[in-house]
file coords-v8.pdb (PDB, C-alpha atoms, pLDDT in the B column)
ATOM      1  CA  MET J  28      30.679 114.104-111.262  1.00 79.00           C
ATOM      2  CA  GLU J  29      32.272 114.643-107.890  1.00 96.00           C
ATOM      3  CA  THR J  30      35.880 115.767-107.827  1.00 96.00           C
ATOM      4  CA  VAL J  31      37.239 112.591-106.234  1.00 96.00           C
ATOM      5  CA  GLU J  32      35.420 110.518-108.887  1.00 97.00           C
ATOM      6  CA  LYS J  33      36.925 112.728-111.592  1.00 97.00           C
ATOM      7  CA  ILE J  34      40.420 112.207-110.117  1.00 98.00           C
ATOM      8  CA  LYS J  35      39.901 108.434-109.931  1.00 98.00           C
ATOM      9  CA  GLN J  36      38.715 108.390-113.543  1.00 98.00           C
ATOM     10  CA  GLN J  37      41.717 110.435-114.762  1.00 98.00           C
ATOM     11  CA  ILE J  38      44.127 108.127-112.933  1.00 98.00           C
ATOM     12  CA  ALA J  39      42.342 105.010-114.240  1.00 97.00           C
ATOM     13  CA  GLU J  40      42.245 106.219-117.861  1.00 97.00           C
ATOM     14  CA  ASN J  41      45.849 107.433-118.027  1.00 97.00           C
ATOM     15  CA  PRO J  42      48.612 104.950-117.168  1.00 97.00           C
ATOM     16  CA  ILE J  43      51.052 107.863-116.753  1.00 98.00           C
ATOM     17  CA  ILE J  44      49.593 111.122-115.482  1.00 98.00           C
ATOM     18  CA  LEU J  45      51.237 114.179-113.990  1.00 98.00           C
ATOM     19  CA  TYR J  46      49.323 116.639-111.843  1.00 98.00           C
ATOM     20  CA  MET J  47      51.260 119.884-112.072  1.00 98.00           C
ATOM     21  CA  LYS J  48      51.074 123.669-112.051  1.00 98.00           C
ATOM     22  CA  GLY J  49      50.865 124.752-115.673  1.00 98.00           C
ATOM     23  CA  SER J  50      51.652 122.508-118.636  1.00 97.00           C
ATOM     24  CA  PRO J  51      54.810 120.610-119.603  1.00 97.00           C
ATOM     25  CA  LYS J  52      55.603 123.246-122.233  1.00 96.00           C
ATOM     26  CA  LEU J  53      54.644 126.159-119.974  1.00 97.00           C
ATOM     27  CA  PRO J  54      55.076 125.154-116.307  1.00 97.00           C
ATOM     28  CA  SER J  55      54.009 127.651-113.647  1.00 97.00           C
ATOM     29  CA  CYS J  56      56.421 126.708-110.859  1.00 95.00           C
ATOM     30  CA  GLY J  57      59.974 125.476-110.529  1.00 97.00           C
ATOM     31  CA  PHE J  58      59.091 122.056-109.156  1.00 98.00           C
ATOM     32  CA  SER J  59      56.558 121.396-111.932  1.00 98.00           C
ATOM     33  CA  SER J  60      59.099 122.640-114.471  1.00 98.00           C
ATOM     34  CA  GLN J  61      61.757 120.257-113.175  1.00 98.00           C
ATOM     35  CA  VAL J  62      59.459 117.228-113.233  1.00 98.00           C
ATOM     36  CA  ALA J  63      58.012 118.127-116.656  1.00 98.00           C
ATOM     37  CA  GLN J  64      61.556 118.373-118.048  1.00 98.00           C
ATOM     38  CA  ILE J  65      62.424 114.961-116.595  1.00 98.00           C
ATOM     39  CA  MET J  66      59.306 113.439-118.171  1.00 98.00           C
ATOM     40  CA  ILE J  67      60.002 115.070-121.545  1.00 98.00           C
ATOM     41  CA  ASN J  68      63.602 113.805-121.404  1.00 98.00           C
ATOM     42  CA  ILE J  69      62.366 110.240-120.829  1.00 98.00           C
ATOM     43  CA  GLY J  70      60.552 110.586-124.134  1.00 97.00           C
ATOM     44  CA  GLU J  71      57.307 108.687-123.529  1.00 97.00           C
ATOM     45  CA  GLN J  72      53.817 110.107-123.771  1.00 96.00           C
ATOM     46  CA  PHE J  73      52.117 111.102-120.554  1.00 97.00           C
ATOM     47  CA  ALA J  74      48.917 112.866-119.619  1.00 98.00           C
ATOM     48  CA  PHE J  75      48.881 115.946-117.425  1.00 98.00           C
ATOM     49  CA  VAL J  76      46.388 118.032-115.512  1.00 98.00           C
ATOM     50  CA  ASP J  77      47.041 121.710-114.847  1.00 98.00           C
ATOM     51  CA  ILE J  78      45.812 122.068-111.282  1.00 98.00           C
ATOM     52  CA  LEU J  79      45.810 125.875-111.638  1.00 97.00           C
ATOM     53  CA  GLN J  80      42.963 125.449-114.160  1.00 97.00           C
ATOM     54  CA  HIS J  81      41.127 122.982-111.889  1.00 97.00           C
ATOM     55  CA  SER J  82      40.833 124.400-108.376  1.00 96.00           C
ATOM     56  CA  ASP J  83      38.579 121.502-107.339  1.00 97.00           C
ATOM     57  CA  ILE J  84      41.304 118.969-108.181  1.00 97.00           C
ATOM     58  CA  ARG J  85      43.957 121.170-106.574  1.00 97.00           C
ATOM     59  CA  ALA J  86      41.902 121.138-103.364  1.00 97.00           C
ATOM     60  CA  GLU J  87      40.912 117.450-103.334  1.00 97.00           C
ATOM     61  CA  LEU J  88      43.903 115.564-104.755  1.00 97.00           C
ATOM     62  CA  PRO J  89      46.231 116.153-101.767  1.00 97.00           C
ATOM     63  CA  LYS J  90      43.583 114.611 -99.476  1.00 97.00           C
ATOM     64  CA  TYR J  91      42.887 111.723-101.851  1.00 97.00           C
ATOM     65  CA  ALA J  92      46.599 111.019-102.365  1.00 97.00           C
ATOM     66  CA  ASN J  93      47.599 111.760 -98.779  1.00 97.00           C
ATOM     67  CA  TRP J  94      50.347 113.846-100.390  1.00 96.00           C
ATOM     68  CA  PRO J  95      50.245 117.593 -99.720  1.00 96.00           C
ATOM     69  CA  THR J  96      52.255 119.036-102.605  1.00 96.00           C
ATOM     70  CA  PHE J  97      52.413 119.284-106.393  1.00 97.00           C
ATOM     71  CA  PRO J  98      53.572 118.033-108.800  1.00 98.00           C
ATOM     72  CA  GLN J  99      52.366 114.462-108.370  1.00 98.00           C
ATOM     73  CA  LEU J 100      53.207 111.674-110.788  1.00 98.00           C
ATOM     74  CA  TRP J 101      50.878 108.681-110.932  1.00 98.00           C
ATOM     75  CA  VAL J 102      51.779 105.493-112.806  1.00 98.00           C
ATOM     76  CA  GLU J 103      49.233 102.711-113.239  1.00 97.00           C
ATOM     77  CA  GLY J 104      47.057 104.094-110.471  1.00 97.00           C
ATOM     78  CA  GLU J 105      49.883 104.460-107.967  1.00 97.00           C
ATOM     79  CA  LEU J 106      51.304 107.718-106.671  1.00 98.00           C
ATOM     80  CA  ILE J 107      55.030 107.658-107.381  1.00 98.00           C
ATOM     81  CA  GLY J 108      55.864 110.965-105.732  1.00 97.00           C
ATOM     82  CA  GLY J 109      56.731 114.607-106.153  1.00 97.00           C
ATOM     83  CA  CYS J 110      59.726 116.558-107.344  1.00 97.00           C
ATOM     84  CA  ASP J 111      62.374 115.320-104.886  1.00 97.00           C
ATOM     85  CA  ILE J 112      61.473 111.638-105.213  1.00 98.00           C
ATOM     86  CA  LEU J 113      61.159 111.812-109.003  1.00 98.00           C
ATOM     87  CA  THR J 114      64.464 113.665-109.378  1.00 98.00           C
ATOM     88  CA  GLU J 115      66.218 111.071-107.225  1.00 98.00           C
ATOM     89  CA  MET J 116      64.630 108.184-109.159  1.00 98.00           C
ATOM     90  CA  TYR J 117      65.613 109.822-112.456  1.00 98.00           C
ATOM     91  CA  GLN J 118      69.223 110.274-111.351  1.00 98.00           C
ATOM     92  CA  LYS J 119      69.371 106.570-110.433  1.00 98.00           C
ATOM     93  CA  GLY J 120      67.745 105.518-113.718  1.00 98.00           C
ATOM     94  CA  GLU J 121      64.737 104.014-111.918  1.00 98.00           C
ATOM     95  CA  LEU J 122      62.163 106.457-113.263  1.00 98.00           C
ATOM     96  CA  GLN J 123      63.189 105.883-116.890  1.00 98.00           C
ATOM     97  CA  THR J 124      62.721 102.124-116.463  1.00 98.00           C
ATOM     98  CA  LEU J 125      59.325 102.542-114.778  1.00 98.00           C
ATOM     99  CA  ILE J 126      58.007 104.979-117.395  1.00 98.00           C
ATOM    100  CA  LYS J 127      59.369 103.109-120.427  1.00 97.00           C
ATOM    101  CA  ASP J 128      58.102  99.729-119.157  1.00 97.00           C
ATOM    102  CA  THR J 129      54.660 101.176-118.449  1.00 97.00           C
ATOM    103  CA  ALA J 130      54.493 102.955-121.821  1.00 96.00           C
ATOM    104  CA  ALA J 131      55.550  99.765-123.639  1.00 95.00           C
ATOM    105  CA  LYS J 132      52.871  97.732-121.857  1.00 94.00           C
ATOM    106  CA  TYR J 133      50.125 100.140-122.951  1.00 91.00           C
ATOM    107  CA  LYS J 134      51.444 100.445-126.518  1.00 87.00           C
ATOM    108  CA  GLN J 135      51.015  96.663-126.815  1.00 71.00           C
ATOM    109  CA  ASP J 136      47.446  96.981-125.575  1.00 65.00           C
ATOM    110  CA  GLU J 137      46.665  99.474-128.366  1.00 62.00           C
ATOM    111  CA  ALA J 138      48.192  97.341-131.134  1.00 55.00           C
TER     112      ALA J 138
END

call {"tool": "encode", "arguments": {"input": "coords-v8.pdb", "output": "structure tokens"}}
result
Amino acid sequence: METVEKIKQQIAENPIILYMKGSPKLPSCGFSSQVAQIMINIGEQFAFVDILQHSDIRAELPKYANWPTFPQLWVEGELIGGCDILTEMYQKGELQTLIKDTAAKYKQDEA
């Protein structure tokens, strides 16, 4: 499977997915750490991809997303943003609403 196809599949299969350096419990950079902490604080499940373990995704995702940096949060197939945008949304309460609404929608689908 080509890298871009793999990225599209990950985004399609996971309503909330975070591309980051490291893992939420063991982030490998300050920006990824900050975003992972925000996501953990919101308290809903989310998928993640450690781009340090997947150099192909690390190389291709910025081109696919037209977004040069990591972390990247995707919700329902849409790029929401990186650390600065997510921090600002979290401080305003917007990110919590988006994540909780999305999580609730997909919990209903599983029931």

call {"tool": "resolve_selection", "arguments": {"input": "coords-v8.pdb", "expression": "the PyMOL selection byres ((chain J and resi 77-79) around 12)", "output": "CSV table (one decimal) with C-alpha atoms, in the frame of the given file"}}
result
chain,number,residue,atom,x,y,z
J,34,ILE,CA,40.4,112.2,-110.1
J,44,ILE,CA,49.6,111.1,-115.5
J,45,LEU,CA,51.2,114.2,-114.0
J,46,TYR,CA,49.3,116.6,-111.8
J,47,MET,CA,51.3,119.9,-112.1
J,48,LYS,CA,51.1,123.7,-112.1
J,49,GLY,CA,50.9,124.8,-115.7
J,50,SER,CA,51.7,122.5,-118.6
J,51,PRO,CA,54.8,120.6,-119.6
J,52,LYS,CA,55.6,123.2,-122.2
J,53,LEU,CA,54.6,126.2,-120.0
J,54,PRO,CA,55.1,125.2,-116.3
J,55,SER,CA,54.0,127.7,-113.6
J,56,CYS,CA,56.4,126.7,-110.9
J,59,SER,CA,56.6,121.4,-111.9
J,63,ALA,CA,58.0,118.1,-116.7
J,74,ALA,CA,48.9,112.9,-119.6
J,75,PHE,CA,48.9,115.9,-117.4
J,76,VAL,CA,46.4,118.0,-115.5
J,80,GLN,CA,43.0,125.4,-114.2
J,81,HIS,CA,41.1,123.0,-111.9
J,82,SER,CA,40.8,124.4,-108.4
J,83,ASP,CA,38.6,121.5,-107.3
J,84,ILE,CA,41.3,119.0,-108.2
J,85,ARG,CA,44.0,121.2,-106.6
J,86,ALA,CA,41.9,121.1,-103.4
J,87,GLU,CA,40.9,117.4,-103.3
J,88,LEU,CA,43.9,115.6,-104.8
J,89,PRO,CA,46.2,116.2,-101.8
J,96,THR,CA,52.3,119.0,-102.6
J,97,PHE,CA,52.4,119.3,-106.4
J,98,PRO,CA,53.6,118.0,-108.8
J,99,GLN,CA,52.4,114.5,-108.4

call {"tool": "closest_residue", "arguments": {"input": "coords-v8.pdb", "among": "J:Val62, J:Ala39, J:Ala92, J:Val102", "to": "Lys127 in chain J", "atoms": "only C-alpha atoms"}}
result
J:Val102

call {"tool": "atom_distance", "arguments": {"input": "coords-v8.pdb", "atom1": "CA of Glu103 in chain J", "atom2": "CA of Glu121 in chain J"}}
result
15.6 Å

call {"tool": "axis_aligned_box", "arguments": {"input": "coords-v8.pdb", "around": "range 77-85 of chain J", "padding_each_side": "6 Å", "output": "JSON"}}
result
{"center_x": 42.8, "center_y": 122.4, "center_z": -110.7, "size_x": 20.5, "size_y": 18.9, "size_z": 20.3}

call {"tool": "atom_distance", "arguments": {"input": "coords-v8.pdb", "atom1": "CA of Gly109 in chain J", "atom2": "CA of Glu29 in chain J"}}
result
24.5 Å

call {"tool": "atom_distance", "arguments": {"input": "coords-v8.pdb", "atom1": "CA of Cys110 in chain J", "atom2": "CA of Ile67 in chain J"}}
result
14.3 Å

call {"tool": "closest_residue", "arguments": {"input": "coords-v8.pdb", "among": "J:Glu115, J:Ile126, J:Pro95, J:Val31", "to": "Met66 in chain J", "atoms": "all atoms listed in the file"}}
result
J:Ile126

call {"tool": "decode", "arguments": {"input": "coords-v8.pdb", "residues": "range 78-96 of chain J", "atoms": "N, CA, C and O atoms", "output": "PDB file, in the first residue's frame"}}
result
ATOM      1  N   ILE J  78       4.944   9.333  14.328  1.00  0.00           N
ATOM      2  CA  ILE J  78       5.602   9.550  13.033  1.00  0.00           C
ATOM      3  C   ILE J  78       7.099   9.245  13.093  1.00  0.00           C
ATOM      4  O   ILE J  78       7.732   9.080  12.054  1.00  0.00           O
ATOM      5  N   LEU J  79       7.674   9.167  14.290  1.00  0.00           N
ATOM      6  CA  LEU J  79       9.090   8.799  14.408  1.00  0.00           C
ATOM      7  C   LEU J  79       9.289   7.319  14.088  1.00  0.00           C
ATOM      8  O   LEU J  79      10.376   6.913  13.678  1.00  0.00           O
ATOM      9  N   GLN J  80       8.233   6.523  14.244  1.00  0.00           N
ATOM     10  CA  GLN J  80       8.284   5.092  13.908  1.00  0.00           C
ATOM     11  C   GLN J  80       7.907   4.839  12.439  1.00  0.00           C
ATOM     12  O   GLN J  80       8.064   3.732  11.945  1.00  0.00           O
ATOM     13  N   HIS J  81       7.365   5.871  11.795  1.00  0.00           N
ATOM     14  CA  HIS J  81       6.873   5.721  10.412  1.00  0.00           C
ATOM     15  C   HIS J  81       7.434   6.865   9.562  1.00  0.00           C
ATOM     16  O   HIS J  81       6.739   7.853   9.309  1.00  0.00           O
ATOM     17  N   SER J  82       8.655   6.711   9.116  1.00  0.00           N
ATOM     18  CA  SER J  82       9.315   7.791   8.364  1.00  0.00           C
ATOM     19  C   SER J  82       8.588   8.092   7.057  1.00  0.00           C
ATOM     20  O   SER J  82       8.595   9.228   6.586  1.00  0.00           O
ATOM     21  N   ASP J  83       7.929   7.084   6.474  1.00  0.00           N
ATOM     22  CA  ASP J  83       7.177   7.318   5.240  1.00  0.00           C
ATOM     23  C   ASP J  83       6.018   8.281   5.498  1.00  0.00           C
ATOM     24  O   ASP J  83       5.797   9.223   4.738  1.00  0.00           O
ATOM     25  N   ILE J  84       5.298   8.079   6.590  1.00  0.00           N
ATOM     26  CA  ILE J  84       4.184   8.970   6.933  1.00  0.00           C
ATOM     27  C   ILE J  84       4.722  10.349   7.301  1.00  0.00           C
ATOM     28  O   ILE J  84       4.160  11.366   6.898  1.00  0.00           O
ATOM     29  N   ARG J  85       5.818  10.380   8.039  1.00  0.00           N
ATOM     30  CA  ARG J  85       6.415  11.668   8.421  1.00  0.00           C
ATOM     31  C   ARG J  85       6.790  12.474   7.171  1.00  0.00           C
ATOM     32  O   ARG J  85       6.641  13.693   7.134  1.00  0.00           O
ATOM     33  N   ALA J  86       7.220  11.800   6.126  1.00  0.00           N
ATOM     34  CA  ALA J  86       7.618  12.482   4.897  1.00  0.00           C
ATOM     35  C   ALA J  86       6.407  12.901   4.052  1.00  0.00           C
ATOM     36  O   ALA J  86       6.406  13.982   3.460  1.00  0.00           O
ATOM     37  N   GLU J  87       5.391  12.063   3.995  1.00  0.00           N
ATOM     38  CA  GLU J  87       4.269  12.292   3.073  1.00  0.00           C
ATOM     39  C   GLU J  87       3.124  13.109   3.655  1.00  0.00           C
ATOM     40  O   GLU J  87       2.457  13.837   2.929  1.00  0.00           O
ATOM     41  N   LEU J  88       2.844  12.974   4.951  1.00  0.00           N
ATOM     42  CA  LEU J  88       1.677  13.640   5.521  1.00  0.00           C
ATOM     43  C   LEU J  88       1.718  15.160   5.368  1.00  0.00           C
ATOM     44  O   LEU J  88       0.697  15.757   5.024  1.00  0.00           O
ATOM     45  N   PRO J  89       2.851  15.818   5.592  1.00  0.00           N
ATOM     46  CA  PRO J  89       2.845  17.289   5.404  1.00  0.00           C
ATOM     47  C   PRO J  89       2.428  17.708   3.992  1.00  0.00           C
ATOM     48  O   PRO J  89       1.731  18.715   3.826  1.00  0.00           O
ATOM     49  N   LYS J  90       2.816  16.928   2.983  1.00  0.00           N
ATOM     50  CA  LYS J  90       2.418  17.241   1.602  1.00  0.00           C
ATOM     51  C   LYS J  90       0.930  16.976   1.413  1.00  0.00           C
ATOM     52  O   LYS J  90       0.217  17.787   0.835  1.00  0.00           O
ATOM     53  N   TYR J  91       0.470  15.836   1.909  1.00  0.00           N
ATOM     54  CA  TYR J  91      -0.942  15.467   1.776  1.00  0.00           C
ATOM     55  C   TYR J  91      -1.832  16.494   2.487  1.00  0.00           C
ATOM     56  O   TYR J  91      -2.854  16.915   1.958  1.00  0.00           O
ATOM     57  N   ALA J  92      -1.422  16.895   3.682  1.00  0.00           N
ATOM     58  CA  ALA J  92      -2.232  17.801   4.501  1.00  0.00           C
ATOM     59  C   ALA J  92      -2.026  19.268   4.126  1.00  0.00           C
ATOM     60  O   ALA J  92      -2.800  20.117   4.547  1.00  0.00           O
ATOM     61  N   ASN J  93      -0.974  19.538   3.382  1.00  0.00           N
ATOM     62  CA  ASN J  93      -0.572  20.918   3.112  1.00  0.00           C
ATOM     63  C   ASN J  93      -0.348  21.651   4.443  1.00  0.00           C
ATOM     64  O   ASN J  93      -0.758  22.794   4.625  1.00  0.00           O
ATOM     65  N   TRP J  94       0.281  20.938   5.360  1.00  0.00           N
ATOM     66  CA  TRP J  94       0.562  21.442   6.709  1.00  0.00           C
ATOM     67  C   TRP J  94       1.948  20.926   7.085  1.00  0.00           C
ATOM     68  O   TRP J  94       2.135  19.719   7.220  1.00  0.00           O
ATOM     69  N   PRO J  95       2.929  21.801   7.270  1.00  0.00           N
ATOM     70  CA  PRO J  95       4.318  21.348   7.334  1.00  0.00           C
ATOM     71  C   PRO J  95       4.779  20.735   8.657  1.00  0.00           C
ATOM     72  O   PRO J  95       5.819  20.098   8.701  1.00  0.00           O
ATOM     73  N   THR J  96       4.027  20.917   9.726  1.00  0.00           N
ATOM     74  CA  THR J  96       4.552  20.547  11.041  1.00  0.00           C
ATOM     75  C   THR J  96       3.721  19.471  11.740  1.00  0.00           C
ATOM     76  O   THR J  96       2.603  19.171  11.337  1.00  0.00           O
TER      77      THR J  96
END
